>>> print(open('protein05.csv').read())   # CSV, C-alpha atoms
chain,number,residue,atom,x,y,z
A,1,MET,CA,0.0,0.0,0.0
A,2,PRO,CA,1.5,3.4,-0.9
A,3,ARG,CA,3.0,5.6,1.8
A,4,GLY,CA,0.5,8.3,0.8
A,5,SER,CA,-2.4,6.2,2.1
A,6,LEU,CA,-0.8,6.0,5.5
A,7,ILE,CA,-0.5,9.8,5.5
A,8,ALA,CA,-4.1,10.2,4.3
A,9,VAL,CA,-5.6,7.8,6.8
A,10,SER,CA,-3.5,9.1,9.7
A,11,GLY,CA,-4.2,12.7,8.8
A,12,ILE,CA,-7.9,12.2,8.6
A,13,CYS,CA,-8.0,10.3,11.9
A,14,ALA,CA,-5.8,12.9,13.6
A,15,GLY,CA,-7.9,15.8,12.3
A,16,LEU,CA,-11.2,14.4,13.2
A,17,ALA,CA,-10.1,13.3,16.6
A,18,ALA,CA,-8.9,16.9,17.3
A,19,VAL,CA,-12.2,18.4,16.0
A,20,ALA,CA,-14.1,16.0,18.3
A,21,VAL,CA,-12.2,17.2,21.3
A,22,LEU,CA,-12.4,20.8,20.3
A,23,THR,CA,-16.2,20.7,19.9
A,24,VAL,CA,-16.8,18.7,23.1
A,25,SER,CA,-14.5,21.1,25.0
A,26,ALA,CA,-16.4,24.1,23.7
A,27,GLU,CA,-19.8,22.5,24.6
A,28,ARG,CA,-18.5,21.6,28.1
A,29,ARG,CA,-17.8,25.3,28.6
A,30,ASN,CA,-21.2,26.3,27.4
A,31,ARG,CA,-19.8,27.7,24.2
A,32,SER,CA,-20.7,27.1,20.6
A,33,PRO,CA,-19.0,24.0,19.2
A,34,TRP,CA,-18.2,26.0,16.1
A,35,ARG,CA,-16.0,28.6,17.9
A,36,PRO,CA,-12.7,26.6,18.0
A,37,ILE,CA,-13.1,25.5,14.4
A,38,ASN,CA,-14.0,29.1,13.4
A,39,ALA,CA,-11.0,30.3,15.4
A,40,THR,CA,-8.7,28.4,13.0
A,41,SER,CA,-9.7,30.9,10.3
A,42,HIS,CA,-8.0,33.7,12.2
A,43,TRP,CA,-5.2,33.6,9.7
A,44,ILE,CA,-7.6,35.3,7.3
A,45,TYR,CA,-10.2,37.0,9.5
A,46,GLY,CA,-8.1,38.0,12.5
A,47,ARG,CA,-8.7,37.4,16.2
A,48,ARG,CA,-12.4,38.1,15.8
A,49,ALA,CA,-12.8,34.6,14.2
A,50,GLY,CA,-12.4,33.0,17.7
A,51,SER,CA,-15.6,34.6,18.9
A,52,VAL,CA,-17.8,33.6,15.9
A,53,SER,CA,-20.3,31.2,17.2
A,54,ARG,CA,-22.3,30.3,14.1
A,55,LEU,CA,-21.7,27.7,11.5
A,56,ASP,CA,-20.8,29.5,8.2
A,57,LEU,CA,-18.8,28.8,5.2
A,58,ALA,CA,-16.4,31.7,5.6
A,59,HIS,CA,-15.2,30.8,9.2
A,60,THR,CA,-16.2,27.2,9.7
A,61,GLY,CA,-15.4,26.0,6.2
A,62,THR,CA,-12.1,27.8,6.1
A,63,GLY,CA,-11.2,26.8,9.7
A,64,PHE,CA,-12.1,23.1,9.1
A,65,ALA,CA,-10.2,23.0,5.7
A,66,THR,CA,-7.2,24.7,7.3
A,67,HIS,CA,-7.2,22.3,10.2
A,68,MET,CA,-7.5,19.2,8.0
A,69,LEU,CA,-4.7,20.3,5.7
A,70,ALA,CA,-2.5,20.9,8.8
A,71,SER,CA,-3.5,17.4,10.0
A,72,PHE,CA,-2.2,15.9,6.7
A,73,TRP,CA,0.9,18.1,7.1
A,74,TRP,CA,1.6,16.6,10.6
A,75,ALA,CA,1.0,13.1,9.2
A,76,LEU,CA,4.1,13.6,7.1
A,77,PRO,CA,6.6,13.6,9.9
A,78,PHE,CA,4.6,10.9,11.6
A,79,ALA,CA,5.0,8.6,8.6
A,80,ALA,CA,8.7,9.5,8.5
A,81,MET,CA,9.1,8.5,12.1
A,82,LEU,CA,7.4,5.2,11.4
A,83,GLY,CA,10.0,4.5,8.8
A,84,GLN,CA,9.6,2.0,6.0
A,85,ASN,CA,7.9,-0.7,8.0
A,86,ALA,CA,4.5,-1.2,6.5
A,87,ARG,CA,3.1,-2.7,9.7
A,88,PRO,CA,4.7,-0.8,12.6
A,89,SER,CA,4.2,-2.2,16.1
A,90,PRO,CA,1.7,-0.5,18.3
A,91,PRO,CA,4.4,0.8,20.6
A,92,ARG,CA,6.3,2.2,17.6
A,93,ALA,CA,3.1,3.9,16.3
A,94,ILE,CA,2.4,5.4,19.7
A,95,ALA,CA,5.9,6.7,20.1
A,96,ALA,CA,5.9,8.2,16.6
A,97,ALA,CA,2.5,9.8,17.4
A,98,ALA,CA,3.7,11.2,20.7
A,99,GLY,CA,6.8,12.6,19.0
A,100,THR,CA,4.8,14.2,16.2
A,101,THR,CA,2.3,15.7,18.6
A,102,VAL,CA,5.0,17.3,20.8
A,103,LEU,CA,6.6,18.6,17.6
A,104,ALA,CA,3.3,20.0,16.4
A,105,ALA,CA,2.6,21.7,19.7
A,106,VAL,CA,6.1,23.3,19.9
A,107,VAL,CA,5.9,24.5,16.2
A,108,ASP,CA,2.3,25.6,16.4
A,109,TYR,CA,2.5,27.6,19.6
A,110,GLY,CA,6.3,28.2,20.0
A,111,LEU,CA,7.8,28.8,16.6
A,112,VAL,CA,5.3,30.0,14.0
A,113,PRO,CA,4.0,33.6,13.9
A,114,LYS,CA,0.8,34.2,16.0
A,115,ARG,CA,-1.2,34.5,12.8
A,116,LEU,CA,-0.3,31.0,11.7
A,117,THR,CA,-1.2,29.2,15.0
A,118,PRO,CA,-4.3,26.9,15.1
A,119,GLY,CA,-6.0,29.8,16.9
A,120,TRP,CA,-7.8,27.5,19.3
A,121,GLU,CA,-6.6,29.7,22.2
A,122,LEU,CA,-9.0,32.4,20.9
A,123,ALA,CA,-11.9,30.1,21.8
A,124,LEU,CA,-10.7,27.8,24.6
A,125,PRO,CA,-8.3,27.8,27.6
A,126,LYS,CA,-4.9,26.3,27.2
A,127,SER,CA,-5.7,23.2,29.2
A,128,ASP,CA,-8.2,22.2,26.5
A,129,LEU,CA,-5.5,22.7,23.8
A,130,ALA,CA,-3.4,20.0,25.5
A,131,MET,CA,-6.3,17.6,25.3
A,132,THR,CA,-6.7,18.4,21.6
A,133,TYR,CA,-3.0,17.6,20.9
A,134,ILE,CA,-3.4,14.3,22.8
A,135,ALA,CA,-6.4,13.5,20.7
A,136,MET,CA,-4.4,14.3,17.6
A,137,GLY,CA,-1.7,11.9,18.6
A,138,LEU,CA,-4.2,9.2,19.3
A,139,GLY,CA,-5.7,9.8,15.9
A,140,LEU,CA,-2.3,9.5,14.2
A,141,ALA,CA,-1.7,6.2,16.0
A,142,PHE,CA,-5.2,4.9,15.2
A,143,GLY,CA,-4.7,5.8,11.6
A,144,ALA,CA,-1.5,3.8,11.4
A,145,THR,CA,-3.4,0.9,13.0
A,146,LEU,CA,-6.2,1.1,10.4
A,147,HIS,CA,-3.6,1.4,7.6
A,148,SER,CA,-1.8,-1.7,8.9
A,149,ALA,CA,-5.1,-3.6,9.1
A,150,ALA,CA,-5.6,-3.0,5.4
A,151,ILE,CA,-2.3,-4.8,4.6
A,152,SER,CA,-2.1,-8.5,4.4
A,153,PRO,CA,0.8,-10.4,6.2
A,154,ARG,CA,2.6,-10.5,2.9
A,155,GLY,CA,2.4,-6.6,2.5
A,156,GLN,CA,-0.3,-6.7,-0.1
A,157,GLU,CA,-3.6,-4.8,0.1
A,158,HIS,CA,-6.7,-6.8,0.9
A,159,ARG,CA,-8.8,-7.0,-2.1
A,160,ALA,CA,-12.6,-7.6,-2.3
A,161,ALA,CA,-13.5,-10.8,-3.9
>>> encode(input="protein05.csv", output="structure tokens")
Amino acid sequence: MPRGSLIAVSGICAGLAAVAVLTVSAERRNRSPWRPINATSHWIYGRRAGSVSRLDLAHTGTGFATHMLASFWWALPFAAMLGQNARPSPPRAIAAAAGTTVLAAVVDYGLVPKRLTPGWELALPKSDLAMTYIAMGLGLAFGATLHSAAISPRGQEHRAA
């Protein structure tokens, strides 16, 4: 199975896991579940995006698309950390996911300009951001597990009969 499929599956799982935690965190704080997703559009709309509570194409669509593209981006170093092994062991997948997640958090909130951060801090407290990164890591590892399950013991894709 091509390396691109590992990146795609892991990126999708990581992105959706993070979105799930962001929306639950917002609802737990009696805020709109759209606010943290909308906040990711702050690179276009500025800080005000973090206070937009409604579902709309401009903020939610841009925020979601930006977030998912970033999730695919972080799946690249994750796949590199896994190496060429098509079926990494669960401990190796978890270690690579943890390393990628730490790298993502350091880059996102320590190295890039404020305008290029995920923007979640505009809608949620920092403690919720940590949970989001943990969810991202679990999503990466789960994606690797799904990818591995699609590969037969001989390294071939399972094909429908």
>>> closest_residue(input="protein05.csv", among="A:His147, A:Arg87, A:His67, A:Arg54", to="A:Arg31", atoms="only C-alpha atoms")
A:Arg54
>>> residues_around(input="protein05.csv", residues="A:Val107", least_positions_apart="4", cutoff="12 Å", atoms="all atoms listed in the file", output="list in words")
Ala70, Trp74, Thr100, Thr101, Val102, Leu103, Leu111, Val112, Pro113, Lys114, Leu116, Thr117 and Pro118 of chain A
>>> residues_around(input="protein05.csv", residues="A:Met81", least_positions_apart="6", cutoff="10 Å", atoms="all atoms listed in the file", output="list in words")
Ala75, Arg92, Ala93, Ala95, Ala96, Ala97, Gly99 and Thr100 of chain A
>>> residues_around(input="protein05.csv", residues="A:Pro88", least_positions_apart="4", cutoff="9 Å", atoms="only C-alpha atoms", output="list of chain:residue names")
A:Leu82, A:Gly83, A:Gln84, A:Arg92, A:Ala93, A:Ala144, A:Thr145, A:Ser148
>>> residues_near_point(input="protein05.csv", point="(-19.5, 25.1, 17.5)", cutoff="8 Å", atoms="only C-alpha atoms", output="short mmCIF file (atom, residue, chain, number, x, y, z; two decimals) with C-alpha atoms, in the frame of the given file")
data_model
loop_
_atom_site.label_atom_id
_atom_site.label_comp_id
_atom_site.auth_asym_id
_atom_site.auth_seq_id
_atom_site.Cartn_x
_atom_site.Cartn_y
_atom_site.Cartn_z
CA THR A 23 -16.20 20.70 19.90
CA ALA A 26 -16.40 24.10 23.70
CA GLU A 27 -19.80 22.50 24.60
CA ARG A 31 -19.80 27.70 24.20
CA SER A 32 -20.70 27.10 20.60
CA PRO A 33 -19.00 24.00 19.20
CA TRP A 34 -18.20 26.00 16.10
CA ARG A 35 -16.00 28.60 17.90
CA PRO A 36 -12.70 26.60 18.00
CA ILE A 37 -13.10 25.50 14.40
CA ASN A 38 -14.00 29.10 13.40
CA SER A 53 -20.30 31.20 17.20
CA ARG A 54 -22.30 30.30 14.10
CA LEU A 55 -21.70 27.70 11.50
#
>>> atom_distance(input="protein05.csv", atom1="atom CA of A:Ala104", atom2="atom CA of A:Val19")
15.6 Å
>>> atom_distance(input="protein05.csv", atom1="atom CA of A:Ser51", atom2="atom CA of A:Ala135")
23.1 Å
>>> atom_distance(input="protein05.csv", atom1="atom CA of A:Met68", atom2="atom CA of A:Ile7")
12.0 Å
>>> residues_around(input="protein05.csv", residues="A:Ala20", least_positions_apart="4", cutoff="9 Å", atoms="only C-alpha atoms", output="number ranges by chain")
A: 15-16, 24-25, 132, 135
>>> axis_aligned_box(input="protein05.csv", around="stretch 104-110 of chain A", padding_each_side="6 Å", output="AutoDock Vina command-line options")
--center_x 4.3 --center_y 24.1 --center_z 18.1 --size_x 16.0 --size_y 20.2 --size_z 15.8
>>> closest_residue(input="protein05.csv", among="A:Thr40, A:Ala149, A:Thr60, A:Ile94", to="A:Asp108", atoms="all atoms listed in the file")
A:Thr40
>>> closest_residue(input="protein05.csv", among="A:Tyr45, A:Tyr133, A:Trp73, A:Phe64", to="A:Ala18", atoms="only C-alpha atoms")
A:Tyr133
